[in-house]
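Text of work-v5.txt (compact mmCIF, C-alpha atoms) as supplied:
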# COMPACT_ATOMS: atom_id res chain seq x y z
CA LEU A 566 123.19 97.23 106.65
CA ILE A 567 122.02 100.11 108.81
CA VAL A 568 125.11 99.76 110.99
CA GLU A 569 127.29 100.20 107.92
CA SER A 570 125.33 102.97 106.21
CA TYR A 571 124.66 105.23 109.20
CA LYS A 572 128.38 106.09 109.23
CA ASN A 573 127.75 108.20 106.14
CA LEU A 574 125.53 110.47 108.25
CA GLN A 575 128.30 111.35 110.69
CA GLN A 576 130.87 114.09 110.34
CA GLY A 577 134.01 112.66 108.82
CA PRO A 578 137.35 112.76 110.63
CA GLU A 579 138.75 114.91 107.81
CA ASP A 580 136.26 117.66 108.73
CA THR A 581 137.49 117.67 112.33
CA THR A 582 141.11 117.63 111.17
CA ASN A 583 140.51 120.57 108.86
CA GLN A 584 138.89 122.57 111.68
CA ILE A 585 141.84 121.87 114.00
CA LEU A 586 144.41 122.78 111.33
CA LEU A 587 142.57 126.01 110.60
CA GLN A 588 142.56 126.91 114.30
CA ILE A 589 146.31 126.22 114.59
CA SER A 590 146.98 128.27 111.47
CA ILE A 591 145.03 131.22 112.87
CA GLN A 592 146.85 131.02 116.20
CA LEU A 593 150.23 130.96 114.41
CA ALA A 594 149.19 133.91 112.26
CA ASN A 595 148.18 135.84 115.38
CA LEU A 596 151.53 135.08 117.03
CA ALA A 597 153.50 136.06 113.94
CA SER A 598 151.56 139.24 113.42
CA SER A 599 153.65 142.29 114.38
CA SER A 600 150.66 144.53 114.75
CA ASN A 601 147.92 144.31 117.30
CA GLU A 602 145.50 143.07 114.69
CA THR A 603 143.94 139.74 115.44
CA VAL A 604 143.14 137.40 112.63
CA LEU A 605 139.55 136.29 112.97
CA PRO A 606 138.96 132.59 112.58
CA ALA A 607 137.40 131.50 109.35
CA ILE A 608 134.65 128.98 109.74
CA LEU A 609 134.94 126.01 107.49
CA PRO A 610 131.61 124.59 106.48
CA ILE A 611 131.06 121.22 108.03
CA SER A 612 130.28 118.83 105.27
CA SER A 613 126.80 117.45 105.48
CA ALA A 614 125.80 113.89 104.72
CA PRO A 615 125.10 113.07 101.08
CA ARG A 616 121.41 113.18 100.15
CA PHE A 617 121.37 109.53 99.11
CA SER A 618 122.77 108.55 102.52
CA VAL A 619 120.08 110.49 104.37
CA LEU A 620 117.39 108.93 102.14
CA VAL A 621 118.75 105.38 102.44
CA ASN A 622 119.09 105.60 106.22
CA THR A 623 115.62 107.11 106.56
CA LEU A 624 114.09 104.29 104.49
CA TRP A 625 116.01 101.53 106.28
CA ILE A 626 115.32 102.84 109.76
CA LEU A 627 111.62 103.33 108.93
CA SER A 628 111.57 99.78 107.60
CA LEU A 629 113.12 98.48 110.81
CA VAL A 630 110.73 100.49 112.99
CA ILE A 631 107.66 99.26 111.06
CA ALA A 632 108.90 95.65 111.22
CA LEU A 633 109.42 95.92 114.97
CA ILE A 634 106.01 97.55 115.45
CA THR A 635 104.50 94.68 113.44
CA ALA A 636 106.24 92.10 115.62
CA SER A 637 105.04 93.85 118.77
CA LEU A 638 101.50 94.13 117.44
CA GLY A 639 101.60 90.46 116.45
CA ILE A 640 102.50 89.52 120.02
CA LEU A 641 99.61 91.63 121.34
CA VAL A 642 97.12 90.07 118.92
CA LYS A 643 98.33 86.58 119.84
CA GLN A 644 97.80 87.39 123.52
CA TRP A 645 94.32 88.76 122.82
CA LEU A 646 93.34 85.65 120.89
CA HIS A 647 94.84 83.42 123.57
CA GLU A 648 92.57 85.11 126.12
CA LEU A 649 89.59 84.33 123.90
CA LEU A 650 90.34 80.62 124.13
CA SER A 651 91.43 80.45 127.77
CA TYR A 652 88.81 79.26 130.20
CA ASP A 653 88.95 78.41 133.81
CA THR A 654 87.30 75.16 134.58
CA CYS A 655 83.62 75.79 134.18
CA ASP A 656 80.59 73.92 133.05
CA PRO A 657 80.15 73.69 129.25
CA GLN A 658 77.15 76.04 129.16
CA LYS A 659 79.02 78.78 131.06
CA CYS A 660 82.09 78.32 128.85
CA LEU A 661 79.97 78.64 125.72
CA LYS A 662 78.37 81.88 126.98
CA LEU A 663 81.80 83.23 127.92
CA ARG A 664 83.16 82.37 124.50
CA PHE A 665 80.31 84.19 122.70
CA PHE A 666 80.74 87.16 125.03
CA ARG A 667 84.50 87.35 124.35
CA GLU A 668 84.06 86.80 120.62
CA ALA A 669 81.55 89.67 120.44
CA GLY A 670 84.13 91.85 122.20
CA LEU A 671 86.80 90.88 119.67
CA GLU A 672 84.51 91.85 116.82
CA ARG A 673 83.40 95.08 118.49
CA TRP A 674 86.98 96.12 119.18
CA GLN A 675 88.05 95.05 115.66
CA VAL A 676 90.81 92.68 116.78
CA PHE A 677 90.54 90.68 113.56
CA GLU A 678 90.93 93.83 111.45
CA ILE A 679 94.02 94.78 113.45
CA ALA A 680 95.42 91.28 112.94
CA SER A 681 94.82 91.53 109.19
CA LEU A 682 97.04 94.65 109.11
CA LEU A 683 100.10 92.69 110.19
CA PRO A 684 100.99 91.31 106.74
CA LEU A 685 100.38 94.71 105.16
CA LEU A 686 102.72 96.41 107.64
CA LEU A 687 105.43 93.84 106.92
CA GLN A 688 104.99 94.38 103.17
CA ILE A 689 105.36 98.16 103.67
CA ALA A 690 108.55 97.55 105.68
CA LEU A 691 109.85 95.29 102.90
CA VAL A 692 109.12 97.88 100.19
CA LEU A 693 110.88 100.63 102.18
CA PHE A 694 113.86 98.35 102.72
CA PHE A 695 114.01 97.41 99.02
CA ILE A 696 113.86 101.06 97.91
CA GLY A 697 116.65 101.96 100.33
CA LEU A 698 118.73 98.98 99.22
CA SER A 699 118.26 99.88 95.57
CA ILE A 700 119.42 103.48 96.14
CA PHE A 701 122.34 102.29 98.26
CA LEU A 702 123.50 99.78 95.65
CA HIS A 703 123.13 102.27 92.77
CA GLU A 704 125.46 104.63 94.62
CA LEU A 705 128.02 101.87 95.12
CA ASN A 706 127.92 100.28 91.68
CA GLN A 707 125.46 100.79 88.81
CA VAL A 708 125.66 97.19 87.54
CA VAL A 709 124.94 95.71 90.96
CA GLY A 710 122.25 98.32 91.56
CA TRP A 711 120.40 97.61 88.32
CA THR A 712 120.72 93.84 88.72
CA VAL A 713 119.29 93.81 92.23
CA SER A 714 116.65 96.41 91.31
CA GLY A 715 115.55 94.17 88.42
CA VAL A 716 115.01 91.25 90.79
CA MET A 717 113.11 93.52 93.21
CA VAL A 718 110.88 94.87 90.41
CA ALA A 719 110.19 91.30 89.25
CA TRP A 720 109.20 90.36 92.81
CA PHE A 721 107.00 93.45 93.12
CA GLY A 722 105.30 92.59 89.80
CA PHE A 723 104.63 89.04 90.97
CA PHE A 724 103.36 90.29 94.34
CA LEU A 725 101.09 92.86 92.69
CA PHE A 726 99.72 90.30 90.22
CA THR A 727 98.97 87.69 92.90
CA THR A 728 97.41 90.33 95.14
CA LEU A 729 95.14 91.83 92.47
CA ALA A 730 94.32 88.64 90.50
CA PRO A 731 91.42 87.65 92.83
CA ILE A 732 89.69 90.92 91.91
CA ILE A 733 89.80 89.93 88.23
CA SER A 734 88.82 86.29 88.69
CA SER A 735 86.70 84.93 91.53
CA GLN A 736 88.21 81.49 90.89
CA CYS A 737 91.73 82.73 91.60
CA PRO A 738 93.22 80.99 94.66
CA TYR A 739 95.56 83.91 95.56
CA LYS A 740 93.16 85.50 98.02
CA THR A 741 94.51 87.58 100.89
CA PRO A 742 92.68 89.03 103.92
CA THR A 743 93.85 92.53 102.93
CA LEU A 744 91.53 92.71 99.92
CA LYS A 745 88.48 91.15 101.55
CA GLY A 746 85.73 93.64 101.69
Could you take the file, read its structure, and then write that structure out as structure tokens?
Amino acid sequence: LIVESYKNLQQGPEDTTNQILLQISIQLANLASSSNETVLPAILPISSAPRFSVLVNTLWILSLVIALITASLGILVKQWLHELLSYDTCDPQKCLKLRFFREAGLERWQVFEIASLLPLLLQIALVLFFIGLSIFLHELNQVVGWTVSGVMVAWFGFFLFTTLAPIISSQCPYKTPTLKG
């Protein structure tokens, strides 16, 4: 979608054509002028991208960047946890001491807290993408925009309910690491 929508941020070919035609017109006017007066070129304003296009592209590109950061961070966390479990051949007592030493380091450096941010970052990326998609579709067609926005709002309501329900009821099975405290 970004590939298609970023085109709205670029100067249109009609703007370039208008600038060229204006330049030719000025040159012809200068040639046809019998006096020594030179016609100064008028500057046509270059049309800027529509506000919705700037907003949509900002949201979508932010969503993509956050999703890629999340993937990269996920790879790092996986590597960190892999190191926790990797042992060279050693006697069981040494391995146990090494494991406790590494585990204390993971807790001290808050690796588990960093890992628990991964789902939250992906949810933020999803929300940014959905907002951008909603704006994009509303600009294309109101019926499609409202239909898709309705489905997105329903999903957001379900997500919000299942995320906050464990706060209301301790028996609720919808617990997530994000709300643990």
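You can rank A:Leu663, A:Leu641, A:Ala614, A:Leu693 by their closest distance to A:Leu627 using only C-alpha atoms, and at the top of that list sits A:Leu693.
For the choices A:Ile679, A:Leu649, A:Leu593, A:Leu685, the atom-to-atom distance to A:Phe665 is smallest for A:Leu649 when using only C-alpha atoms.
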Test item: axis-aligned box, all listed atoms of stretch 643-651 of chain A, 8 Å on each side, centre and edges in Å rounded to one decimal, as JSON:
{"center_x": 94.0, "center_y": 84.6, "center_z": 123.8, "size_x": 24.7, "size_y": 24.3, "size_z": 23.9}
- One-decimal distance in Å that lies between atom CA of A:Gln675 and atom CA of A:Leu638: 13.6 Å
- Task: Grab the atom CA of A:Leu633 to atom CA of A:Leu687 distance for me, in Å with one decimal place.
- Result: 9.2 Å
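What separates atom CA of A:Ala632 from atom CA of A:Ala690 is a distance of 5.9 Å.
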- Message: I'd like the contact shell of stretch 618-621 of chain A - 6 Å cut-off, only C-alpha atoms, skipping same-chain residues fewer than 3 positions apart - returned as an NGL selection string.
- Response: :A and (615 or 624 or 697)
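For the choices A:Met717, A:Leu729, A:Ile700, A:Ile689, the atom-to-atom distance to A:Ser628 is smallest for A:Ile689 when using all atoms listed in the file.
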Could all heavy atoms be built for stretch 681-692 of chain A and written out as an mmCIF file, in the coordinates of the input?
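Output contents, as saved in out.cif:
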data_model
loop_
_atom_site.group_PDB
_atom_site.id
_atom_site.type_symbol
_atom_site.label_atom_id
_atom_site.label_comp_id
_atom_site.auth_asym_id
_atom_site.auth_seq_id
_atom_site.Cartn_x
_atom_site.Cartn_y
_atom_site.Cartn_z
ATOM 1 N N SER A 681 94.648 91.600 110.649
ATOM 2 C CA SER A 681 94.820 91.530 109.190
ATOM 3 C C SER A 681 95.767 92.616 108.673
ATOM 4 O O SER A 681 96.220 92.546 107.540
ATOM 5 C CB SER A 681 93.459 91.626 108.487
ATOM 6 O OG SER A 681 92.939 92.933 108.603
ATOM 7 N N LEU A 682 96.076 93.616 109.505
ATOM 8 C CA LEU A 682 97.040 94.650 109.110
ATOM 9 C C LEU A 682 98.483 94.181 109.201
ATOM 10 O O LEU A 682 99.368 94.775 108.584
ATOM 11 C CB LEU A 682 96.870 95.899 109.986
ATOM 12 C CG LEU A 682 95.642 96.743 109.751
ATOM 13 C CD1 LEU A 682 95.602 97.884 110.767
ATOM 14 C CD2 LEU A 682 95.616 97.293 108.344
ATOM 15 N N LEU A 683 98.730 93.145 109.975
ATOM 16 C CA LEU A 683 100.100 92.690 110.190
ATOM 17 C C LEU A 683 100.842 92.370 108.889
ATOM 18 O O LEU A 683 101.952 92.873 108.677
ATOM 19 C CB LEU A 683 100.129 91.504 111.150
ATOM 20 C CG LEU A 683 99.627 91.790 112.568
ATOM 21 C CD1 LEU A 683 99.593 90.517 113.394
ATOM 22 C CD2 LEU A 683 100.480 92.840 113.238
ATOM 23 N N PRO A 684 100.275 91.575 107.988
ATOM 24 C CA PRO A 684 100.990 91.310 106.740
ATOM 25 C C PRO A 684 101.215 92.576 105.905
ATOM 26 O O PRO A 684 102.265 92.735 105.289
ATOM 27 C CB PRO A 684 100.079 90.324 105.986
ATOM 28 C CG PRO A 684 99.199 89.740 107.026
ATOM 29 C CD PRO A 684 99.039 90.783 108.087
ATOM 30 N N LEU A 685 100.239 93.465 105.918
ATOM 31 C CA LEU A 685 100.380 94.710 105.160
ATOM 32 C C LEU A 685 101.534 95.557 105.711
ATOM 33 O O LEU A 685 102.340 96.103 104.948
ATOM 34 C CB LEU A 685 99.070 95.502 105.198
ATOM 35 C CG LEU A 685 99.060 96.828 104.442
ATOM 36 C CD1 LEU A 685 99.268 96.600 102.951
ATOM 37 C CD2 LEU A 685 97.765 97.574 104.693
ATOM 38 N N LEU A 686 101.623 95.652 107.036
ATOM 39 C CA LEU A 686 102.720 96.410 107.640
ATOM 40 C C LEU A 686 104.077 95.808 107.290
ATOM 41 O O LEU A 686 105.031 96.530 106.990
ATOM 42 C CB LEU A 686 102.555 96.468 109.161
ATOM 43 C CG LEU A 686 101.449 97.368 109.688
ATOM 44 C CD1 LEU A 686 101.279 97.188 111.191
ATOM 45 C CD2 LEU A 686 101.741 98.820 109.358
ATOM 46 N N LEU A 687 104.167 94.480 107.302
ATOM 47 C CA LEU A 687 105.430 93.840 106.920
ATOM 48 C C LEU A 687 105.762 94.088 105.449
ATOM 49 O O LEU A 687 106.930 94.284 105.097
ATOM 50 C CB LEU A 687 105.373 92.332 107.195
ATOM 51 C CG LEU A 687 105.677 91.925 108.625
ATOM 52 C CD1 LEU A 687 105.592 90.417 108.787
ATOM 53 C CD2 LEU A 687 107.030 92.427 109.069
ATOM 54 N N GLN A 688 104.748 94.101 104.588
ATOM 55 C CA GLN A 688 104.990 94.380 103.170
ATOM 56 C C GLN A 688 105.478 95.824 102.983
ATOM 57 O O GLN A 688 106.362 96.091 102.165
ATOM 58 C CB GLN A 688 103.729 94.132 102.333
ATOM 59 C CG GLN A 688 103.302 92.689 102.268
ATOM 60 C CD GLN A 688 104.325 91.786 101.600
ATOM 61 O OE1 GLN A 688 105.208 92.216 100.886
ATOM 62 N NE2 GLN A 688 104.194 90.489 101.845
ATOM 63 N N ILE A 689 104.915 96.759 103.743
ATOM 64 C CA ILE A 689 105.360 98.160 103.670
ATOM 65 C C ILE A 689 106.827 98.247 104.115
ATOM 66 O O ILE A 689 107.640 98.922 103.475
ATOM 67 C CB ILE A 689 104.462 99.068 104.519
ATOM 68 C CG1 ILE A 689 103.081 99.192 103.864
ATOM 69 C CG2 ILE A 689 105.091 100.448 104.720
ATOM 70 C CD1 ILE A 689 102.035 99.867 104.740
ATOM 71 N N ALA A 690 107.172 97.558 105.196
ATOM 72 C CA ALA A 690 108.550 97.550 105.680
ATOM 73 C C ALA A 690 109.485 96.974 104.615
ATOM 74 O O ALA A 690 110.579 97.497 104.382
ATOM 75 C CB ALA A 690 108.664 96.754 106.978
ATOM 76 N N LEU A 691 109.036 95.913 103.951
ATOM 77 C CA LEU A 691 109.850 95.290 102.900
ATOM 78 C C LEU A 691 110.056 96.243 101.724
ATOM 79 O O LEU A 691 111.167 96.374 101.204
ATOM 80 C CB LEU A 691 109.184 93.999 102.427
ATOM 81 C CG LEU A 691 109.939 93.202 101.366
ATOM 82 C CD1 LEU A 691 111.242 92.667 101.939
ATOM 83 C CD2 LEU A 691 109.079 92.065 100.852
ATOM 84 N N VAL A 692 109.006 96.928 101.310
ATOM 85 C CA VAL A 692 109.120 97.880 100.190
ATOM 86 C C VAL A 692 110.088 99.005 100.547
ATOM 87 O O VAL A 692 110.948 99.375 99.745
ATOM 88 C CB VAL A 692 107.730 98.431 99.795
ATOM 89 C CG1 VAL A 692 107.845 99.635 98.890
ATOM 90 C CG2 VAL A 692 106.903 97.345 99.119
#
